[in-house]
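**Student:** Just protein-v2.txt, nothing more (compact mmCIF, C-alpha atoms):
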# COMPACT_ATOMS: atom_id res chain seq x y z
CA MET I 1312 -0.24 -84.46 20.49
CA GLU I 1313 2.43 -81.79 20.84
CA ILE I 1314 5.97 -81.91 22.18
CA TYR I 1315 8.23 -78.97 23.06
CA LEU I 1316 11.84 -78.43 24.11
CA ASP I 1317 12.09 -75.67 26.72
CA ILE I 1318 15.86 -75.02 27.10
CA GLN I 1319 17.26 -72.60 29.67
CA GLY I 1320 18.97 -69.58 28.10
CA ILE I 1321 18.29 -70.53 24.49
CA GLU I 1322 16.22 -67.42 23.76
CA SER I 1323 19.02 -65.13 24.92
CA GLY I 1324 21.52 -66.74 22.52
CA ARG I 1325 23.34 -68.82 25.09
CA ILE I 1326 26.66 -70.36 23.98
CA PHE I 1327 27.62 -73.66 25.62
CA THR I 1328 31.13 -74.81 26.51
CA PRO I 1329 32.76 -78.22 27.20
CA ASN I 1330 31.35 -80.14 30.20
CA GLU I 1331 28.55 -77.57 30.55
CA ALA I 1332 25.06 -78.84 31.33
CA VAL I 1333 22.12 -78.23 29.02
CA LYS I 1334 19.10 -77.87 31.30
CA GLY I 1335 15.42 -77.52 30.60
CA VAL I 1336 12.06 -79.23 30.40
CA VAL I 1337 10.41 -81.41 27.77
CA ARG I 1338 6.73 -80.48 27.65
CA LEU I 1339 4.28 -83.02 26.31
CA GLU I 1340 0.63 -82.31 25.61
CA LEU I 1341 -1.65 -85.27 24.89
CA HIS I 1342 -5.17 -84.74 23.54
CA ARG I 1343 -6.13 -88.33 24.35
CA ALA I 1344 -4.71 -91.34 26.14
CA THR I 1345 -1.62 -92.62 24.32
CA VAL I 1346 0.46 -95.78 24.62
CA VAL I 1347 4.16 -94.96 24.46
CA SER I 1348 7.37 -97.00 24.56
CA ASP I 1349 9.75 -94.31 25.80
CA LEU I 1350 10.71 -90.63 25.72
CA THR I 1351 14.42 -90.18 24.94
CA LEU I 1352 16.62 -87.08 24.90
CA SER I 1353 19.86 -87.01 22.88
CA LEU I 1354 22.69 -84.50 22.41
CA GLU I 1355 24.73 -85.00 19.25
CA GLY I 1356 27.64 -83.28 17.51
CA THR I 1357 28.09 -83.71 13.76
CA THR I 1358 30.51 -82.34 11.18
CA ARG I 1359 29.49 -82.35 7.51
CA THR I 1360 31.03 -81.38 4.18
CA ALA I 1361 29.73 -81.26 0.62
CA LEU I 1362 31.01 -79.99 -2.71
CA ILE I 1363 29.79 -79.69 -6.28
CA GLU I 1364 32.22 -79.96 -9.17
CA LYS I 1365 32.18 -80.96 -12.82
CA GLY I 1366 34.60 -83.50 -14.16
CA PRO I 1367 35.00 -87.22 -14.95
CA ALA I 1368 34.60 -88.24 -11.31
CA PHE I 1369 31.37 -86.29 -10.90
CA ILE I 1370 29.43 -86.54 -14.17
CA LEU I 1371 26.10 -88.30 -13.85
CA GLY I 1372 25.10 -87.64 -17.43
CA ASN I 1373 24.51 -84.65 -19.69
CA GLY I 1374 27.11 -82.64 -17.77
CA VAL I 1375 25.11 -82.61 -14.54
CA PRO I 1376 27.46 -82.07 -11.56
CA LYS I 1377 27.41 -84.61 -8.75
CA VAL I 1378 27.50 -83.73 -5.05
CA ALA I 1379 30.22 -85.38 -2.97
CA ASP I 1380 29.48 -85.31 0.73
CA GLU I 1381 30.72 -86.71 4.02
CA SER I 1382 29.40 -86.72 7.57
CA HIS I 1383 31.09 -87.65 10.87
CA GLN I 1384 29.50 -87.98 14.28
CA LEU I 1385 31.63 -86.21 16.90
CA PHE I 1386 29.67 -87.70 19.80
CA LYS I 1387 26.17 -88.73 20.84
CA ILE I 1388 24.80 -88.86 24.40
CA SER I 1389 21.31 -90.18 25.13
CA LYS I 1390 19.13 -90.17 28.24
CA VAL I 1391 15.72 -91.81 28.77
CA LEU I 1392 13.28 -89.37 30.39
CA PHE I 1393 10.34 -91.79 30.49
CA PRO I 1394 9.72 -94.37 31.82
CA PRO I 1395 11.75 -93.78 35.02
CA SER I 1396 14.69 -96.13 35.51
CA ASN I 1397 12.97 -97.88 38.43
CA THR I 1398 9.83 -98.70 36.41
CA PRO I 1399 9.37 -102.38 35.45
CA PHE I 1400 9.63 -103.06 31.71
CA ILE I 1401 6.29 -103.53 29.94
CA ALA I 1402 6.59 -104.88 26.39
CA ARG I 1403 3.20 -103.51 25.27
CA GLY I 1404 4.14 -99.98 26.38
CA TYR I 1405 2.96 -97.47 28.94
CA THR I 1406 -0.35 -95.63 28.82
CA LEU I 1407 -0.27 -91.88 29.42
CA SER I 1408 -3.64 -90.25 30.05
CA GLU I 1409 -4.84 -87.12 28.28
CA GLY I 1410 -3.18 -84.02 29.72
CA GLN I 1411 0.04 -82.04 30.01
CA TYR I 1412 3.34 -83.49 31.20
CA ALA I 1413 6.70 -81.94 32.08
CA PHE I 1414 9.97 -83.89 32.09
CA PRO I 1415 12.92 -81.92 33.50
CA PHE I 1416 16.30 -82.81 32.02
CA GLU I 1417 20.00 -82.12 32.39
CA ILE I 1418 22.54 -83.40 29.85
CA ASN I 1419 26.19 -82.39 29.60
CA PHE I 1420 28.42 -81.58 26.66
CA PRO I 1421 31.52 -83.79 26.68
CA LEU I 1422 35.01 -82.35 27.01
CA LEU I 1423 36.42 -84.18 23.99
CA ALA I 1424 35.12 -85.56 20.71
CA GLU I 1425 35.10 -89.16 19.67
CA CYS I 1426 34.94 -89.37 15.90
CA SER I 1427 34.76 -92.98 14.73
CA THR I 1428 34.66 -93.78 11.03
CA SER I 1429 34.62 -96.99 9.07
CA GLN I 1430 38.24 -96.38 8.04
CA PRO I 1431 40.71 -97.13 10.87
CA GLU I 1432 43.26 -94.60 9.58
CA LEU I 1433 40.65 -91.84 9.97
CA ARG I 1434 39.70 -92.72 13.54
CA HIS I 1435 40.07 -89.73 15.84
CA GLN I 1436 39.75 -90.20 19.58
CA GLU I 1437 39.94 -87.57 22.32
CA ALA I 1438 40.08 -84.56 19.99
CA ILE I 1439 39.00 -81.08 21.10
CA LEU I 1440 35.39 -80.37 20.14
CA PRO I 1441 35.24 -77.78 17.33
CA PRO I 1442 32.99 -74.71 17.57
CA SER I 1443 29.59 -74.43 15.94
CA PHE I 1444 30.34 -73.51 12.35
CA GLU I 1445 28.81 -73.07 8.92
CA SER I 1446 30.42 -71.78 5.73
CA ARG I 1447 29.52 -71.91 2.05
CA ALA I 1448 31.63 -71.26 -1.03
CA VAL I 1449 30.37 -69.51 -4.15
CA LYS I 1450 30.64 -72.71 -6.21
CA GLY I 1451 28.50 -74.78 -3.88
CA ALA I 1452 30.97 -76.24 -1.38
CA HIS I 1453 29.68 -76.37 2.17
CA ALA I 1454 31.09 -77.13 5.63
CA SER I 1455 29.31 -77.26 8.97
CA VAL I 1456 29.71 -78.30 12.58
CA ALA I 1457 26.36 -78.63 14.35
CA TYR I 1458 25.29 -79.56 17.88
CA THR I 1459 21.69 -80.72 18.19
CA LEU I 1460 19.46 -81.50 21.15
CA ARG I 1461 16.64 -83.85 20.14
CA VAL I 1462 13.73 -85.39 22.01
CA ALA I 1463 11.85 -88.37 20.56
CA LEU I 1464 8.63 -89.98 21.77
CA LYS I 1465 8.12 -93.55 20.55
CA ARG I 1466 4.49 -94.65 20.34
CA ARG I 1467 2.88 -98.09 20.06
CA THR I 1468 1.11 -97.31 16.80
CA HIS I 1469 1.45 -97.95 13.09
CA VAL I 1470 1.20 -94.27 12.13
CA ARG I 1471 3.91 -91.79 13.09
CA LYS I 1472 5.61 -94.13 15.50
CA VAL I 1473 8.10 -91.43 16.49
CA ILE I 1474 7.21 -87.83 17.33
CA SER I 1475 10.28 -85.65 17.73
CA GLN I 1476 11.48 -82.10 18.25
CA GLU I 1477 15.03 -80.76 17.94
CA GLN I 1478 17.00 -77.57 18.60
CA ASN I 1479 20.45 -76.55 17.40
CA LEU I 1480 22.77 -75.31 20.15
CA SER I 1481 25.71 -72.89 19.85
CA PHE I 1482 29.00 -74.26 21.17
CA LEU I 1483 32.44 -72.73 21.73
CA PRO I 1484 35.49 -74.64 23.07
CA PHE I 1485 37.75 -73.43 25.85
CA ASP I 1486 40.94 -71.40 25.26
CA PRO I 1487 43.13 -71.62 23.29
CA ALA I 1488 40.85 -73.54 20.94
CA ALA I 1489 38.51 -70.52 20.83
CA ALA I 1490 41.19 -68.31 19.28
CA LEU I 1491 41.26 -66.90 15.76
CA LEU I 1492 45.04 -67.36 15.68
CA SER I 1493 46.51 -69.93 18.04
CA SER I 1494 49.99 -70.64 19.33
CA LEU I 1495 49.30 -74.29 18.52
CA GLY I 1496 50.05 -73.48 14.89
CA THR I 1497 53.46 -73.56 13.27
CA GLY I 1498 53.60 -69.90 12.29
CA SER I 1499 55.91 -67.35 13.86
CA HIS I 1500 54.53 -64.25 15.59
CA ILE I 1501 56.89 -62.03 13.52
CA ARG I 1502 56.75 -61.43 9.74
CA GLN I 1503 58.96 -59.17 7.62
CA LYS I 1504 58.88 -57.97 4.01
CA GLY I 1505 61.62 -55.99 2.32
CA LEU I 1506 61.29 -52.95 0.04
CA TYR I 1507 63.74 -52.95 -2.87
CA ILE I 1508 64.46 -50.50 -5.67
CA SER I 1509 64.12 -52.37 -8.93
CA PRO I 1510 66.59 -51.94 -11.85
CA GLN I 1511 63.72 -50.54 -13.93
CA SER I 1512 62.84 -47.89 -11.35
CA SER I 1513 62.63 -44.33 -12.63
CA LEU I 1514 64.69 -43.36 -9.60
CA GLY I 1515 67.83 -44.48 -11.40
CA TYR I 1516 68.91 -46.54 -8.38
CA SER I 1517 70.37 -49.98 -9.12
CA HIS I 1518 69.00 -53.12 -7.47
CA THR I 1519 71.11 -54.60 -4.66
CA ALA I 1520 70.83 -57.66 -2.45
CA LEU I 1521 69.79 -55.51 0.52
CA PRO I 1522 66.41 -53.80 0.83
CA ILE I 1523 66.13 -50.17 1.85
CA LEU I 1524 63.20 -50.85 4.21
CA LEU I 1525 61.73 -53.75 6.14
CA LEU I 1526 58.06 -53.76 7.09
CA GLU I 1527 57.81 -55.80 10.30
CA ALA I 1528 54.54 -57.12 11.77
CA LYS I 1529 54.80 -58.49 15.29
CA LEU I 1530 52.04 -60.11 17.31
CA SER I 1531 52.16 -60.86 21.01
CA SER I 1532 53.95 -64.09 21.91
CA PRO I 1533 52.38 -66.60 21.82
CA PRO I 1534 50.35 -65.28 18.85
CA VAL I 1535 46.81 -65.89 20.12
CA LEU I 1536 43.99 -63.61 18.93
CA TYR I 1537 40.32 -63.57 19.93
CA SER I 1538 37.15 -62.18 18.39
CA ARG I 1539 35.85 -58.90 19.82
CA GLU I 1540 39.20 -58.19 21.51
CA ARG I 1541 41.92 -55.62 20.78
CA LEU I 1542 44.47 -56.39 18.07
CA PRO I 1543 47.86 -56.92 19.82
CA LEU I 1544 49.82 -56.00 16.70
CA GLN I 1545 52.98 -53.93 16.54
CA LEU I 1546 53.74 -52.68 13.05
CA CYS I 1547 57.18 -51.18 12.43
CA VAL I 1548 59.27 -49.94 9.55
CA ARG I 1549 62.98 -50.64 9.81
CA SER I 1550 65.25 -48.56 7.59
CA LEU I 1551 68.53 -50.25 6.74
CA PRO I 1552 71.96 -48.58 6.50
CA THR I 1553 72.19 -48.47 2.72
CA ARG I 1554 72.58 -45.68 0.17
CA ILE I 1555 69.04 -44.29 0.49
CA GLN I 1556 69.68 -40.56 0.26
CA HIS I 1557 68.33 -40.45 -3.31
CA VAL I 1558 64.92 -41.77 -2.26
CA LEU I 1559 64.32 -39.65 0.85
CA PRO I 1560 61.92 -38.71 2.26
CA ILE I 1561 60.10 -42.04 2.54
CA LYS I 1562 56.46 -41.58 3.49
CA LEU I 1563 53.70 -43.94 4.50
CA GLN I 1564 50.66 -43.17 2.34
CA SER I 1565 48.13 -45.89 3.23
CA LEU I 1566 47.66 -48.85 5.56
CA LEU I 1567 45.18 -51.74 5.22
CA ILE I 1568 44.72 -54.68 7.62
CA ASN I 1569 42.47 -57.62 6.72
CA LEU I 1570 41.45 -60.76 8.57
CA ARG I 1571 41.65 -63.57 6.02
CA SER I 1572 39.72 -66.80 6.69
CA THR I 1573 40.41 -70.05 4.85
CA THR I 1574 38.28 -73.21 4.92
CA ASP I 1575 39.66 -76.52 3.62
CA ILE I 1576 37.37 -79.54 3.37
CA LEU I 1577 37.37 -83.21 2.42
CA ALA I 1578 34.29 -84.85 0.94
CA ASP I 1579 34.69 -88.50 0.10
CA ILE I 1580 37.92 -88.63 -1.96
CA HIS I 1581 37.64 -84.99 -3.03
CA ASN I 1582 38.83 -81.76 -1.48
CA THR I 1583 38.50 -78.05 -2.02
CA SER I 1584 39.06 -74.76 -0.20
CA TRP I 1585 37.76 -71.20 -0.20
CA THR I 1586 38.67 -67.93 1.44
CA SER I 1587 36.97 -64.79 2.67
CA SER I 1588 38.36 -61.52 3.93
CA ARG I 1589 37.13 -58.90 6.39
CA ARG I 1590 38.57 -55.40 6.66
CA VAL I 1591 39.96 -54.64 10.11
CA LEU I 1592 41.60 -51.24 9.43
CA GLU I 1593 41.73 -48.90 6.43
CA LEU I 1594 43.77 -45.68 6.43
CA HIS I 1595 44.44 -43.51 3.37
CA GLY I 1596 46.09 -40.15 2.75
CA LEU I 1597 48.51 -40.49 5.66
CA ASP I 1598 51.65 -38.83 4.22
CA ASP I 1599 53.62 -39.85 7.36
CA THR I 1600 57.39 -39.45 7.04
CA ILE I 1601 59.39 -42.54 8.03
CA ALA I 1602 62.46 -41.85 10.16
CA CYS I 1603 65.52 -42.98 8.18
CA ASP I 1604 69.19 -42.94 9.07
CA ARG I 1605 71.56 -44.28 6.42
CA GLU I 1606 74.23 -44.85 9.06
CA SER I 1607 72.21 -47.01 11.45
CA ASP I 1608 69.35 -49.48 11.75
CA VAL I 1609 66.30 -47.44 12.81
CA LEU I 1610 62.97 -48.92 13.96
CA SER I 1611 59.85 -46.73 13.61
CA GLU I 1612 56.48 -47.92 14.91
CA ILE I 1613 53.51 -47.17 12.65
CA LYS I 1614 50.31 -45.76 14.16
CA PRO I 1615 50.60 -47.59 17.51
CA GLY I 1616 47.57 -45.92 19.11
CA VAL I 1617 45.39 -46.51 16.07
CA ILE I 1618 46.36 -50.14 15.41
CA GLN I 1619 46.14 -51.31 19.02
CA SER I 1620 42.69 -49.75 19.45
CA VAL I 1621 41.29 -51.91 16.63
CA THR I 1622 38.79 -54.59 17.70
CA LEU I 1623 38.85 -57.87 15.81
CA PRO I 1624 35.54 -58.82 14.16
CA ASP I 1625 33.32 -61.61 15.43
CA SER I 1626 34.35 -64.75 13.56
CA PRO I 1627 34.45 -68.53 14.22
CA PRO I 1628 37.77 -69.56 15.78
CA SER I 1629 40.38 -71.67 14.03
CA PHE I 1630 39.82 -75.42 14.33
CA THR I 1631 40.59 -78.74 12.69
CA THR I 1632 38.48 -81.88 12.38
CA CYS I 1633 39.07 -84.96 10.25
CA ILE I 1634 37.21 -83.35 7.31
CA ILE I 1635 37.32 -79.57 7.98
CA GLU I 1636 40.14 -77.14 8.67
CA HIS I 1637 39.24 -73.49 9.31
CA LYS I 1638 42.05 -71.00 9.91
CA HIS I 1639 42.77 -67.28 9.94
CA SER I 1640 45.64 -65.00 9.03
CA LEU I 1641 46.29 -61.26 9.14
CA GLU I 1642 47.10 -59.45 5.89
CA ILE I 1643 48.80 -56.08 6.07
CA ASP I 1644 49.25 -53.81 3.04
CA ALA I 1645 51.27 -50.62 3.35
CA THR I 1646 51.92 -48.13 0.54
CA PHE I 1647 55.02 -45.95 0.72
CA SER I 1648 56.07 -43.04 -1.47
CA LEU I 1649 59.65 -42.51 -2.56
CA SER I 1650 59.58 -40.67 -5.84
CA GLU I 1651 56.88 -43.16 -6.82
CA PRO I 1652 54.40 -45.18 -4.68
CA THR I 1653 55.55 -48.66 -3.61
CA ASN I 1654 53.48 -51.33 -1.93
CA LEU I 1655 54.50 -53.83 0.78
CA SER I 1656 52.42 -56.76 2.08
CA VAL I 1657 52.98 -59.15 4.97
Could you rewrite the structure in this file as C-alpha cells?

**Tutor:**
Amino acid sequence: MEIYLDIQGIESGRIFTPNEAVKGVVRLELHRATVVSDLTLSLEGTTRTALIEKGPAFILGNGVPKVADESHQLFKISKVLFPPSNTPFIARGYTLSEGQYAFPFEINFPLLAECSTSQPELRHQEAILPPSFESRAVKGAHASVAYTLRVALKRRTHVRKVISQEQNLSFLPFDPAAALLSSLGTGSHIRQKGLYISPQSSLGYSHTALPILLLEAKLSSPPVLYSRERLPLQLCVRSLPTRIQHVLPIKLQSLLINLRSTTDILADIHNTSWTSSRRVLELHGLDDTIACDRESDVLSEIKPGVIQSVTLPDSPPSFTTCIIEHKHSLEIDATFSLSEPTNLSV
C-alpha cells in the first residue's frame, strides 16, 4: 500500500496566502483488497518554541540542561475524502479492491488564526496568521511556525491502523502583515543622532549642550518595508549653527546599513531572545565633504542614488503570536572625519 499527496504548484515553490485554496489529488495504490474506515485530509497551522538553559529550574541531575517547550495550534481544518458524504455508514468499514485510486481535493487556508490554550488569559481569537517561519539560536533556542497538509487512511486492522503522508506548505499573510517593518508598530519613521565634541577631544573644543551635526534617517511614512524591494530611506546630515569653524571640513568616510532581526520567544514559564544581522550596504573610503554653514541649519542628503537603489534581502516578515515575536530594525553607522574620525549610529 502506498499513498501520495500530489499538490498543485508545490514543486515550483508555491507560497499560499489567506483564504487561498490548496488543490491537488491524493493517490492511493493498493496491492490487495483492503478494508478501510475513512480517508481524511487535514490542514493545520502550528507555532512551536523550545529553549535549553542551565539553572535551578532546568537541572535534571548532574548539570544536564532541560528543554522547555511549548506548542500552540493556530487552526485545523479537516475534510473526509472517502467515503463520500452520501454513502451509508458501515461500522465494519469499506472494502477497496486492489488497484489505483485518485481523490481530488480542495481545502482553503483561513483568513485568521484561532489559538486556543488551556489558560484563558492566553486565548487568542481572530489574530492574523503569521508567516511560515523557523529560526534557531546558537545556544539551542528554537522557534517555528509551520503549516502542514496531511492525509490519513484508517484501516480495519491491528497492524498500522493509520497510513499517512504529510507535506509542509509555505504561507505568507497579506499586507501589511507581510512587511519587514510595519506601520502597526510604535516606532517613528524618523531617527536622529547628534555628533558632539567631547571635553577630552584633541581638537581643544569644549563640550556644549548642542551637537555640531545631526545624522537623520527617514523612512517613507508609514514606515513599511518589504523583502526584495527598494529601500525607501533618506539619510541626511544636518549641520547646526554652532561654532564649528575649528572642525571644518567635516567629511563622511564610511557608511554601513544593516537589517537587524530579533526573535523573542516564550516556552512554558521561560523566555529568551536572539538577534541576527544582514548587511544591506557597505561603503568605505568615501571622503565626501559635508556642506556646513555655521550661520544656518543646512540639510545635506547622503548618497541618495546609492541608498535608494539598495534592495532589501529576503527575510521573514515581522509578526507576533502568543509565544513568538519576530521583528526587524535598520541600523545605520556613519563615520565622519573632523581632525579625528567620529562614528554615529541610528

**Student:** Applying 8 Å and only C-alpha atoms, which residues near stretch 1613-1624 of chain I remain after dropping the ones on its own chain fewer than 2 positions away? List them as a list of chain:residue names.

**Tutor:** I:Tyr1537, I:Ser1538, I:Arg1539, I:Glu1540, I:Arg1541, I:Leu1542, I:Pro1543, I:Leu1544, I:Gln1545, I:Leu1546, I:Cys1547, I:Val1548, I:Arg1589, I:Val1591, I:Leu1592, I:Ser1611, I:Ser1626

**Student:** I need the residue nearest I:Thr1345 from this list: I:Leu1422, I:Leu1460, I:Thr1360, I:Lys1472. Use all atoms listed in the file for the distance.

**Tutor:**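 When distances to I:Thr1345 are compared using all atoms listed in the file, the smallest one comes from I:Lys1472.
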
**Student:** Atom CA of I:Leu1649 and atom CA of I:Leu1563 are how many Å apart?

**Tutor:** 9.3 Å

**Student:** Which distance in Å separates atom CA of I:Ser1455 and atom CA of I:Thr1358, to one decimal?

**Tutor:**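 The value is 5.7 Å.
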
**Student:** Quick one: everything within 9 Å of I:Gly1324, counting only C-alpha atoms, minus sequence neighbours fewer than 2 positions away in the same chain. Send it as a list in words.

**Tutor:**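 Listing them by chain and then by number gives Gly1320, Ile1321, Glu1322, Ile1326, Leu1480 and Ser1481 of chain I.
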
**Student:** Would you mind telling me which residue in I:Ala1332, I:Ala1457, I:Val1346, I:Ile1439 lies nearest to I:Ala1402 when using all atoms listed in the file?

**Tutor:**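 Of I:Ala1332, I:Ala1457, I:Val1346, I:Ile1439, the one nearest I:Ala1402, counting all atoms listed in the file, is I:Val1346.
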
**Student:** Around (10.2, -84.7, 28.4), as given in the file, which residues come within 8 Å? Count all atoms listed in the file and list them as a compact mmCIF listing (two decimals) with C-alpha atoms, in the frame of the given file.

**Tutor:**
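Full text of result_3.txt as output:
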# COMPACT_ATOMS: atom_id res chain seq x y z
CA LEU I 1316 11.84 -78.43 24.11
CA VAL I 1336 12.06 -79.23 30.40
CA VAL I 1337 10.41 -81.41 27.77
CA ARG I 1338 6.73 -80.48 27.65
CA LEU I 1339 4.28 -83.02 26.31
CA LEU I 1350 10.71 -90.63 25.72
CA THR I 1351 14.42 -90.18 24.94
CA LEU I 1352 16.62 -87.08 24.90
CA LEU I 1392 13.28 -89.37 30.39
CA PHE I 1393 10.34 -91.79 30.49
CA TYR I 1412 3.34 -83.49 31.20
CA ALA I 1413 6.70 -81.94 32.08
CA PHE I 1414 9.97 -83.89 32.09
CA PRO I 1415 12.92 -81.92 33.50
CA PHE I 1416 16.30 -82.81 32.02
CA VAL I 1462 13.73 -85.39 22.01

**Student:** Pick from I:Ser1640, I:Ser1443, I:Gln1564, I:Asn1582: nearest to I:Glu1381, with only C-alpha atoms counted?

**Tutor:**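 Between I:Ser1640, I:Ser1443, I:Gln1564, I:Asn1582, the residue approaching I:Glu1381 most closely is I:Asn1582.
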
**Student:** Could you tell me how far atom CA of I:Ser1648 lies from atom CA of I:Leu1525, in Å and to one decimal?

**Tutor:**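 That distance, rounded to one decimal, is 14.3 Å.
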
**Student:** When you count all atoms listed in the file, which of these residues is closest to I:His1639: I:Glu1612, I:Asp1599, I:Glu1331, I:Thr1573?

**Tutor:**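 Among I:Glu1612, I:Asp1599, I:Glu1331, I:Thr1573, it is I:Thr1573 that comes nearest to I:His1639.
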
**Student:** With all atoms listed in the file as the atoms that count, which of I:Ser1587, I:Asn1330, I:Asn1569, I:Ser1323 lies nearest to I:Leu1440?

**Tutor:**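 Nearest to I:Leu1440: I:Asn1330.
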
**Student:** Quick one: everything within 10 Å of I:Thr1631, counting only C-alpha atoms, minus sequence neighbours fewer than 2 positions away in the same chain. Send it as an NGL selection string.

**Tutor:** :I and (1438-1442 or 1488 or 1574-1576 or 1629 or 1633-1638)

**Student:** Rank I:Leu1597, I:Val1473, I:Ile1418, I:Leu1536 by their smallest atom-to-atom distance to I:Phe1647, using only C-alpha atoms, and report the top residue only.

**Tutor:**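 Ranked by minimum distance to I:Phe1647, first place goes to I:Leu1597.
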